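Working notes, beginning with the structure itself.
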Amino acid sequence: MKIAFKCPGCAKVIRSGKDLRGRKVKCPGCSKAFTVKKIKVIQTPSAPAKTNQVDSKASRVPSPTKARRASSKRGQTLPSSKRGSPSLGAVARVKSISAKKSVPPYILGVAVLLLILVGGGGFWVLTDYPQEEEGGLVSEQVKAEIDTSEKEKEVSKIMTTSSSSIKELSENLASPRAPVKEVSESPTPSRPTIKEVNESLAPLKAPAKGASEVAKTLLEFGLDFTIDVDQIQPGIGSEYHKQRKDLMVTPGADAVVIKGEVEYQGPYQVWITHFSTGEEAELEVDFNGQIKKKSLLDMGIDKINTIFGKNNKPVHSYRNKRMRKTQDKVEAYYFREYLGTYHLDGPFVLTLKYNSPKNVHIQKVELQYENRLNETMEELLRSAISFYTMGFDGTSLPSCNYDANKNRHGRMSSCASSGVTLMALCIQYELDRDSTTRDKALALLRFYNHKHKKIKPDRHHSGFFRHFVSTKTGKGKSEFSTIDTAILTSGALMARNTFSEDQRIKDEADELWSSVAWDKAVVSTDPSMPRFYLTGEQIDGKAEGSITMYNEYILLAYFCQKYEDMRFGSKARKNIMPNLYQLPFSVIRGRILLSHYIQPSFLVQFPFYMSELCSDDLFFSFTAAQGVADRQVCMERYGARSAWGVSPGTTPEEGYKVDKFTHNKPNVVRPRMVAGFIPVMPHAAEDLYLLYQNPAHRWELKIGTILPGFIPGNDEWRAWRLPGIDFSSLLFGMAAHHPKIGIRFFREKTRFTFEYRPIK
């Protein structure tokens, strides 16, 4: 039975194949939620009987909710192994339903009904979001087989080739680990195939060898592989837990030894997924003779502050009865921990020796190959450098934004963007050894030390700079920002370490660091909840408010702690920045994140690239967890492996907006965030490359080629305003991925080398 009813918000007529009387629905046009009251039954002629009956679920007209879900998977062709008989070739694809270009559900109904009437073919209806399982996409499908005929093939051809742009987008966002075969009769676009993409990313597709008698390779992802614990021969004191499906290591047990071999030489990241509920637990890692010791996080359920469910709504432990009930059922959460990056060219031996008062559970061990930079993608790094350096000649402050529609830089500057400009000059110098970058860095530091005749950026009496100012005068009306001053100081530190042979730059950097009274930004030094002022107005008591350090303010806490250590030494100093082990955690999709709430991903990337935290294995693990969670939640929502990376930026209707992957109403994803996670998620390089291969995602500008933010399923809109501080994720990620720079550059150049020089 088909029904029709009107939306009380926009008066749009909505048709459905279900009786929705008394149920709450959401209008696909205006997104208004309402309860269906009056409906109209639509009489439709019954289809003639056929030999092969169509599944009733598959033949129904999609409801508005299912249509919206199917729209995120438009144009996807299912693997041939799940199509049934090879002779059944038609694939029904659902066109995107959006506010601008909506396809009424009755058109889809007529198309499906027409396909049934003409007979044949076989079509698919996606009934669930794709899930990421062991590195791939797994979707539940409902299949309906009907007889084939020439007419049915024509109908299928029309439906599968209705939009070339949709077709190109779906092909480019398909998983490279599961090649997609064309089934329609339309010509294939001239672009590299998925196989060629993989070969360009990893020239030698030699699979990893199975391990020796101690361990075997269970899963292979090209050059990566995972060793499952049920394939590891347990030693004395260890046993395979059948119910948990993990390896339980009891206190005092022998070391767990894993042996294997790789055929392709290069750098491999080693990860282990495990948990311990014992305090002061330690792990000694011996990888091919390289030994390191690590303290283990206590991942007991009582240490988790917030759990986010499938609807992304938080459940707080300190005020929710359901959370307390969960504590009785769940012992702990697995934590995916980074053990280090090692260069391998053959056999390896990994020895894990635990020293814990309680049992430790190991779920799996992973080796991830760090892909080399594809030559065509080096253009993205050059464009990111040009974004910051092209408009800066040393005679005025650098611009903090770029208008892609007008193809020019803006007239405002920010101290944070100036800090990133210093970093871009350092990266450019590392690549090309261009001597002009040294002069530009020196000029920029002198601007902020008020050594220019006309341009003197506004400062608070405590030394913190005004956030936004004019590029020509340095004057503005925005707040005096503590965190943006910290980002500027990070750029000065990187310049000091990059141009270490230039005493002028070292002196200017030291003067900038010493001219800020960092202790004025500290509100509370409580190790469980340290707080900081955001603005100079709050420091003066003219405004209220403060913030915790579980975000980009980790960078501010880092500098405040260094300032305290340098001025007062170890005796009288305050413990401003607590140990990462003391911070609260949250859990979403089984991923443990470093915060008591879900935060935008850029808040994790900033302290990672701008301080010594990029050398900390634990913070490396938390940064990766943020990226994996972002990717997983976005895949569930949009159904494409490359459509992820939620970050602040321009939106179609709300201007500049700060979004996170659990709350992304504009549905804008930003490829620059994908780039920022490449060092901790090697597979992110492949996702970014798939986007780069699609011409619809590239934008040619004066500064070079960029990948602007976009809305999955909407080919008409792209983010035109590029904020300088937010665009830094592309700069950092591509630089860390470049063989001449790498993450080694950030680890070396962010070492704290400032010398305190009291300002007279």
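Chain labels follow the order of the structure tokens: the first chain is A, the next B, and so on; residue numbering restarts at 1 in every chain, and ligands are counted from 1 in their shown order.
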
So that I can see what lies close to region 702-712 of chain A, please list as a compact mmCIF listing (two decimals) with all heavy atoms, in the first residue's frame the residues with an atom at most 8 Å from it, counting only C-alpha atoms and leaving out residues fewer than 5 positions away in the same chain.
# COMPACT_ATOMS: atom_id res chain seq x y z
N SER A 72 23.42 8.48 -0.01
CA SER A 72 24.84 8.59 0.31
C SER A 72 25.64 7.49 -0.36
O SER A 72 26.85 7.52 -0.38
CB SER A 72 25.05 8.54 1.82
OG SER A 72 24.66 7.28 2.31
N GLU A 379 52.22 18.17 -5.52
CA GLU A 379 51.66 19.47 -5.87
C GLU A 379 50.82 20.03 -4.72
O GLU A 379 50.75 21.25 -4.54
CB GLU A 379 50.80 19.33 -7.13
CG GLU A 379 50.26 20.65 -7.66
CD GLU A 379 49.46 20.48 -8.95
OE1 GLU A 379 49.23 19.33 -9.35
OE2 GLU A 379 49.07 21.50 -9.54
N LEU A 380 50.19 19.16 -3.93
CA LEU A 380 49.40 19.62 -2.80
C LEU A 380 50.29 20.28 -1.75
O LEU A 380 49.91 21.28 -1.14
CB LEU A 380 48.63 18.45 -2.17
CG LEU A 380 47.51 17.84 -3.01
CD1 LEU A 380 46.89 16.65 -2.28
CD2 LEU A 380 46.43 18.88 -3.31
N ARG A 382 53.21 21.77 -2.37
CA ARG A 382 53.66 23.05 -2.94
C ARG A 382 52.56 24.10 -2.85
O ARG A 382 52.83 25.27 -2.57
CB ARG A 382 54.06 22.83 -4.40
CG ARG A 382 55.25 21.90 -4.59
CD ARG A 382 56.53 22.55 -4.10
NE ARG A 382 57.69 21.67 -4.28
CZ ARG A 382 58.93 22.00 -3.95
NH1 ARG A 382 59.18 23.18 -3.39
NH2 ARG A 382 59.92 21.16 -4.15
N SER A 383 51.32 23.69 -3.07
CA SER A 383 50.20 24.64 -2.98
C SER A 383 50.01 25.12 -1.55
O SER A 383 49.72 26.30 -1.32
CB SER A 383 48.91 23.97 -3.48
OG SER A 383 49.04 23.56 -4.83
N ALA A 384 50.17 24.20 -0.58
CA ALA A 384 50.02 24.58 0.82
C ALA A 384 51.10 25.57 1.24
O ALA A 384 50.83 26.53 1.97
CB ALA A 384 50.07 23.33 1.70
N SER A 386 52.65 27.66 -0.83
CA SER A 386 52.34 28.92 -1.53
C SER A 386 51.20 29.67 -0.87
O SER A 386 51.15 30.90 -0.90
CB SER A 386 51.99 28.63 -2.99
OG SER A 386 53.09 28.07 -3.68
N PHE A 387 50.27 28.93 -0.25
CA PHE A 387 49.15 29.57 0.44
C PHE A 387 49.68 30.57 1.48
O PHE A 387 49.11 31.66 1.65
CB PHE A 387 48.30 28.50 1.12
CG PHE A 387 47.16 29.03 1.95
CD1 PHE A 387 45.90 29.18 1.40
CD2 PHE A 387 47.35 29.39 3.27
CE1 PHE A 387 44.85 29.68 2.16
CE2 PHE A 387 46.31 29.90 4.03
CZ PHE A 387 45.06 30.04 3.47
N MET A 390 53.18 32.97 -0.71
CA MET A 390 53.05 33.74 -1.94
C MET A 390 52.66 35.19 -1.67
O MET A 390 53.16 36.11 -2.32
CB MET A 390 52.02 33.08 -2.88
CG MET A 390 51.85 33.81 -4.20
SD MET A 390 50.71 32.98 -5.33
CE MET A 390 51.71 31.58 -5.84
N ASN A 407 40.18 34.40 -6.05
CA ASN A 407 41.56 33.94 -6.29
C ASN A 407 42.59 34.95 -5.75
O ASN A 407 43.53 35.34 -6.45
CB ASN A 407 41.79 33.70 -7.78
CG ASN A 407 42.82 32.61 -8.03
OD1 ASN A 407 43.37 32.05 -7.09
ND2 ASN A 407 43.07 32.32 -9.27
N ARG A 408 42.40 35.35 -4.49
CA ARG A 408 43.33 36.30 -3.89
C ARG A 408 43.31 36.17 -2.37
O ARG A 408 42.36 35.64 -1.78
CB ARG A 408 42.96 37.73 -4.27
CG ARG A 408 41.66 38.22 -3.65
CD ARG A 408 41.29 39.60 -4.14
NE ARG A 408 40.13 40.12 -3.45
CZ ARG A 408 39.48 41.23 -3.80
NH1 ARG A 408 39.89 41.92 -4.87
NH2 ARG A 408 38.43 41.65 -3.11
N TYR A 638 28.21 8.53 5.32
CA TYR A 638 28.26 8.86 3.90
C TYR A 638 28.54 7.68 2.99
O TYR A 638 28.36 7.77 1.78
CB TYR A 638 29.31 9.96 3.65
CG TYR A 638 29.13 11.16 4.53
CD1 TYR A 638 30.12 11.55 5.43
CD2 TYR A 638 27.96 11.91 4.49
CE1 TYR A 638 29.96 12.65 6.25
CE2 TYR A 638 27.78 13.02 5.31
CZ TYR A 638 28.79 13.37 6.19
OH TYR A 638 28.62 14.46 7.00
N ALA A 643 35.39 10.14 2.09
CA ALA A 643 34.57 11.27 2.53
C ALA A 643 34.59 11.35 4.05
O ALA A 643 33.67 10.92 4.73
CB ALA A 643 33.14 11.13 2.01
N PRO A 666 26.04 20.54 8.44
CA PRO A 666 26.21 20.93 7.03
C PRO A 666 26.72 19.79 6.16
O PRO A 666 26.72 19.91 4.94
CB PRO A 666 27.25 22.06 7.10
CG PRO A 666 27.28 22.50 8.52
CD PRO A 666 26.93 21.31 9.33
N ASN A 667 27.17 18.68 6.76
CA ASN A 667 27.69 17.52 6.02
C ASN A 667 28.92 17.87 5.18
O ASN A 667 29.15 17.25 4.13
CB ASN A 667 26.61 16.91 5.12
CG ASN A 667 25.51 16.25 5.93
OD1 ASN A 667 25.78 15.61 6.95
ND2 ASN A 667 24.28 16.41 5.49
N VAL A 668 29.71 18.85 5.62
CA VAL A 668 30.92 19.23 4.89
C VAL A 668 32.10 18.45 5.44
O VAL A 668 32.32 18.42 6.65
CB VAL A 668 31.19 20.74 5.01
CG1 VAL A 668 32.47 21.11 4.26
CG2 VAL A 668 30.01 21.55 4.47
N VAL A 669 32.83 17.80 4.55
CA VAL A 669 34.07 17.12 4.93
C VAL A 669 35.22 17.83 4.23
O VAL A 669 35.05 18.39 3.15
CB VAL A 669 34.04 15.63 4.56
CG1 VAL A 669 33.00 14.90 5.37
CG2 VAL A 669 33.78 15.43 3.08
N ARG A 670 36.39 17.80 4.86
CA ARG A 670 37.51 18.61 4.37
C ARG A 670 38.75 17.72 4.20
O ARG A 670 39.32 17.22 5.18
CB ARG A 670 37.78 19.76 5.34
CG ARG A 670 36.49 20.55 5.62
CD ARG A 670 36.70 21.77 6.45
NE ARG A 670 35.41 22.30 6.90
CZ ARG A 670 34.62 23.10 6.19
NH1 ARG A 670 34.99 23.47 4.97
NH2 ARG A 670 33.46 23.53 6.66
N PRO A 671 39.18 17.53 2.93
CA PRO A 671 40.34 16.66 2.66
C PRO A 671 41.61 17.07 3.38
O PRO A 671 42.48 16.23 3.61
CB PRO A 671 40.50 16.79 1.13
CG PRO A 671 39.13 17.14 0.63
CD PRO A 671 38.54 18.01 1.70
N ARG A 672 41.75 18.35 3.75
CA ARG A 672 42.96 18.76 4.45
C ARG A 672 43.12 18.04 5.77
O ARG A 672 44.24 17.80 6.23
CB ARG A 672 42.94 20.27 4.67
CG ARG A 672 41.82 20.77 5.58
CD ARG A 672 41.97 22.25 5.88
NE ARG A 672 40.97 22.75 6.79
CZ ARG A 672 39.89 23.45 6.44
NH1 ARG A 672 39.69 23.74 5.16
NH2 ARG A 672 39.03 23.88 7.35
N LEU A 691 40.71 11.02 -3.77
CA LEU A 691 40.07 12.31 -3.98
C LEU A 691 40.83 13.14 -5.01
O LEU A 691 40.23 13.79 -5.87
CB LEU A 691 39.99 13.09 -2.66
CG LEU A 691 39.01 12.57 -1.60
CD1 LEU A 691 39.20 13.32 -0.30
CD2 LEU A 691 37.58 12.69 -2.09
N TYR A 692 42.15 13.11 -4.93
CA TYR A 692 42.98 13.89 -5.84
C TYR A 692 42.80 13.41 -7.28
O TYR A 692 42.87 14.21 -8.22
CB TYR A 692 44.44 13.78 -5.43
CG TYR A 692 45.39 14.61 -6.27
CD1 TYR A 692 45.58 15.96 -5.99
CD2 TYR A 692 46.08 14.05 -7.34
CE1 TYR A 692 46.44 16.72 -6.75
CE2 TYR A 692 46.93 14.81 -8.11
CZ TYR A 692 47.12 16.14 -7.81
OH TYR A 692 47.97 16.90 -8.58
N HIS A 697 37.10 17.23 -7.59
CA HIS A 697 37.52 17.64 -6.26
C HIS A 697 38.69 18.60 -6.30
O HIS A 697 39.02 19.21 -5.27
CB HIS A 697 37.90 16.42 -5.42
CG HIS A 697 36.73 15.62 -4.97
ND1 HIS A 697 35.68 16.15 -4.25
CD2 HIS A 697 36.42 14.31 -5.14
CE1 HIS A 697 34.80 15.23 -4.00
NE2 HIS A 697 35.21 14.10 -4.53
N TRP A 717 28.53 22.41 -4.69
CA TRP A 717 29.09 23.33 -3.70
C TRP A 717 30.47 22.87 -3.28
O TRP A 717 30.75 21.67 -3.15
CB TRP A 717 28.20 23.39 -2.46
CG TRP A 717 28.69 24.38 -1.43
CD1 TRP A 717 28.39 25.71 -1.36
CD2 TRP A 717 29.59 24.12 -0.35
NE1 TRP A 717 29.03 26.29 -0.31
CE2 TRP A 717 29.80 25.35 0.33
CE3 TRP A 717 30.26 22.99 0.09
CZ2 TRP A 717 30.63 25.45 1.44
CZ3 TRP A 717 31.09 23.09 1.19
CH2 TRP A 717 31.27 24.31 1.86
N ARG A 718 31.36 23.83 -3.03
CA ARG A 718 32.66 23.56 -2.45
C ARG A 718 33.09 24.77 -1.63
O ARG A 718 32.68 25.91 -1.92
CB ARG A 718 33.70 23.23 -3.52
CG ARG A 718 33.82 24.26 -4.64
CD ARG A 718 34.78 23.75 -5.70
NE ARG A 718 34.84 24.65 -6.86
CZ ARG A 718 35.61 24.44 -7.92
NH1 ARG A 718 36.37 23.37 -7.96
NH2 ARG A 718 35.61 25.29 -8.92
N ALA A 719 33.88 24.53 -0.61
CA ALA A 719 34.30 25.59 0.31
C ALA A 719 35.21 26.57 -0.41
O ALA A 719 36.29 26.20 -0.87
CB ALA A 719 35.00 24.99 1.51
N TRP A 720 34.79 27.82 -0.48
CA TRP A 720 35.53 28.83 -1.25
C TRP A 720 36.45 29.68 -0.38
O TRP A 720 37.41 30.26 -0.86
CB TRP A 720 34.55 29.76 -1.98
CG TRP A 720 33.56 30.43 -1.06
CD1 TRP A 720 32.35 29.95 -0.68
CD2 TRP A 720 33.73 31.68 -0.39
NE1 TRP A 720 31.73 30.82 0.19
CE2 TRP A 720 32.57 31.90 0.38
CE3 TRP A 720 34.75 32.64 -0.37
CZ2 TRP A 720 32.39 33.03 1.16
CZ3 TRP A 720 34.57 33.77 0.42
CH2 TRP A 720 33.40 33.96 1.16

Within 10 Å of region 436-439 of chain A using only C-alpha atoms, minus same-chain residues under 2 positions, as a PyMOL selection string
chain A and resi 389+393-394+422+424-430+432-434+441-444+495+498-499+502+505

Write down as number ranges by chain the residues belonging to region 270-437 of chain A that are assigned alpha helix (DSSP H) by DSSP computed on the backbone.
A: 321-329, 378-389, 415-432, 436-437

Print the selection's residues with N, CA and C atoms to a file, as a compact mmCIF listing (two decimals), in the first residue's frame.
# COMPACT_ATOMS: atom_id res chain seq x y z
N LYS A 321 22.88 6.31 35.59
CA LYS A 321 22.74 4.98 36.18
C LYS A 321 23.12 3.90 35.17
N ARG A 322 22.79 4.12 33.90
CA ARG A 322 23.11 3.12 32.88
C ARG A 322 24.61 2.91 32.76
N MET A 323 25.37 4.00 32.94
CA MET A 323 26.82 3.88 32.89
C MET A 323 27.32 3.04 34.05
N ARG A 324 26.72 3.23 35.22
CA ARG A 324 27.14 2.45 36.38
C ARG A 324 26.79 0.98 36.21
N LYS A 325 25.68 0.69 35.52
CA LYS A 325 25.35 -0.69 35.22
C LYS A 325 26.34 -1.29 34.23
N THR A 326 26.79 -0.44 33.29
CA THR A 326 27.77 -0.91 32.31
C THR A 326 29.07 -1.31 32.99
N GLN A 327 29.41 -0.61 34.05
CA GLN A 327 30.65 -0.92 34.76
C GLN A 327 30.64 -2.33 35.34
N ASP A 328 29.43 -2.87 35.61
CA ASP A 328 29.35 -4.22 36.14
C ASP A 328 29.51 -5.27 35.05
N LYS A 329 29.32 -4.89 33.78
CA LYS A 329 29.38 -5.85 32.68
C LYS A 329 30.68 -5.76 31.90
N GLU A 378 52.62 15.66 -4.73
CA GLU A 378 53.55 16.65 -4.19
C GLU A 378 53.05 18.06 -4.49
N GLU A 379 52.22 18.17 -5.52
CA GLU A 379 51.66 19.47 -5.87
C GLU A 379 50.82 20.03 -4.72
N LEU A 380 50.19 19.16 -3.93
CA LEU A 380 49.40 19.62 -2.80
C LEU A 380 50.29 20.28 -1.75
N LEU A 381 51.47 19.72 -1.53
CA LEU A 381 52.41 20.33 -0.58
C LEU A 381 52.88 21.68 -1.09
N ARG A 382 53.21 21.77 -2.37
CA ARG A 382 53.66 23.05 -2.94
C ARG A 382 52.56 24.10 -2.85
N SER A 383 51.32 23.69 -3.07
CA SER A 383 50.20 24.64 -2.98
C SER A 383 50.01 25.12 -1.55
N ALA A 384 50.17 24.20 -0.58
CA ALA A 384 50.02 24.58 0.82
C ALA A 384 51.10 25.57 1.24
N ILE A 385 52.33 25.37 0.76
CA ILE A 385 53.41 26.32 1.07
C ILE A 385 53.12 27.68 0.43
N SER A 386 52.65 27.66 -0.83
CA SER A 386 52.34 28.92 -1.53
C SER A 386 51.20 29.67 -0.87
N PHE A 387 50.27 28.93 -0.25
CA PHE A 387 49.15 29.57 0.44
C PHE A 387 49.68 30.57 1.48
N TYR A 388 50.75 30.22 2.17
CA TYR A 388 51.28 31.07 3.23
C TYR A 388 52.38 32.02 2.76
N THR A 389 53.14 31.62 1.77
CA THR A 389 54.33 32.41 1.40
C THR A 389 54.13 33.30 0.19
N CYS A 415 47.79 36.29 14.41
CA CYS A 415 49.06 35.83 14.97
C CYS A 415 49.21 34.32 14.80
N ALA A 416 48.10 33.57 14.83
CA ALA A 416 48.18 32.12 14.64
C ALA A 416 48.62 31.79 13.23
N SER A 417 48.00 32.43 12.24
CA SER A 417 48.37 32.18 10.85
C SER A 417 49.81 32.63 10.58
N SER A 418 50.25 33.67 11.27
CA SER A 418 51.65 34.10 11.12
C SER A 418 52.60 33.03 11.65
N GLY A 419 52.19 32.34 12.72
CA GLY A 419 52.99 31.24 13.23
C GLY A 419 53.11 30.11 12.22
N VAL A 420 51.99 29.80 11.55
CA VAL A 420 52.02 28.75 10.52
C VAL A 420 52.85 29.21 9.33
N THR A 421 52.82 30.52 9.02
CA THR A 421 53.65 31.04 7.93
C THR A 421 55.13 30.81 8.23
N LEU A 422 55.54 31.02 9.48
CA LEU A 422 56.92 30.73 9.86
C LEU A 422 57.25 29.25 9.63
N MET A 423 56.31 28.38 9.97
CA MET A 423 56.52 26.94 9.76
C MET A 423 56.61 26.61 8.27
N ALA A 424 55.76 27.26 7.45
CA ALA A 424 55.79 27.03 6.00
C ALA A 424 57.13 27.47 5.42
N LEU A 425 57.68 28.58 5.91
CA LEU A 425 58.99 29.04 5.45
C LEU A 425 60.08 28.03 5.82
N CYS A 426 59.95 27.43 7.00
CA CYS A 426 60.93 26.42 7.41
C CYS A 426 60.83 25.18 6.52
N ILE A 427 59.61 24.77 6.20
CA ILE A 427 59.43 23.60 5.34
C ILE A 427 59.94 23.89 3.94
N GLN A 428 59.67 25.09 3.44
CA GLN A 428 60.17 25.47 2.11
C GLN A 428 61.69 25.48 2.08
N TYR A 429 62.30 25.96 3.14
CA TYR A 429 63.77 25.97 3.21
C TYR A 429 64.32 24.54 3.23
N GLU A 430 63.64 23.66 3.94
CA GLU A 430 64.08 22.27 4.02
C GLU A 430 63.99 21.58 2.66
N LEU A 431 63.01 21.99 1.86
CA LEU A 431 62.83 21.39 0.53
C LEU A 431 63.80 21.94 -0.50
N ASP A 432 63.90 23.27 -0.57
CA ASP A 432 64.61 23.92 -1.68
C ASP A 432 65.88 24.65 -1.27
N THR A 436 65.90 33.12 0.50
CA THR A 436 64.94 34.20 0.75
C THR A 436 64.00 33.84 1.90
N THR A 437 63.81 32.54 2.16
CA THR A 437 62.92 32.14 3.26
C THR A 437 63.50 32.60 4.60

Set the distance at 8 Å and use only C-alpha atoms: which residues neighbour region 338-347 of chain A once local chain neighbours fewer than 3 positions away are removed? I'd like the list as a PyMOL selection string.
chain A and resi 259-272+285+617-618+620-621

Could you pull out the strand (DSSP E) residues of region 286-451 of chain A from DSSP and send them as a ChimeraX atom specification?
/A:286-287,290-295,304-308,314-316,335-344,347-355,360-369,401-403,408-409,412-414
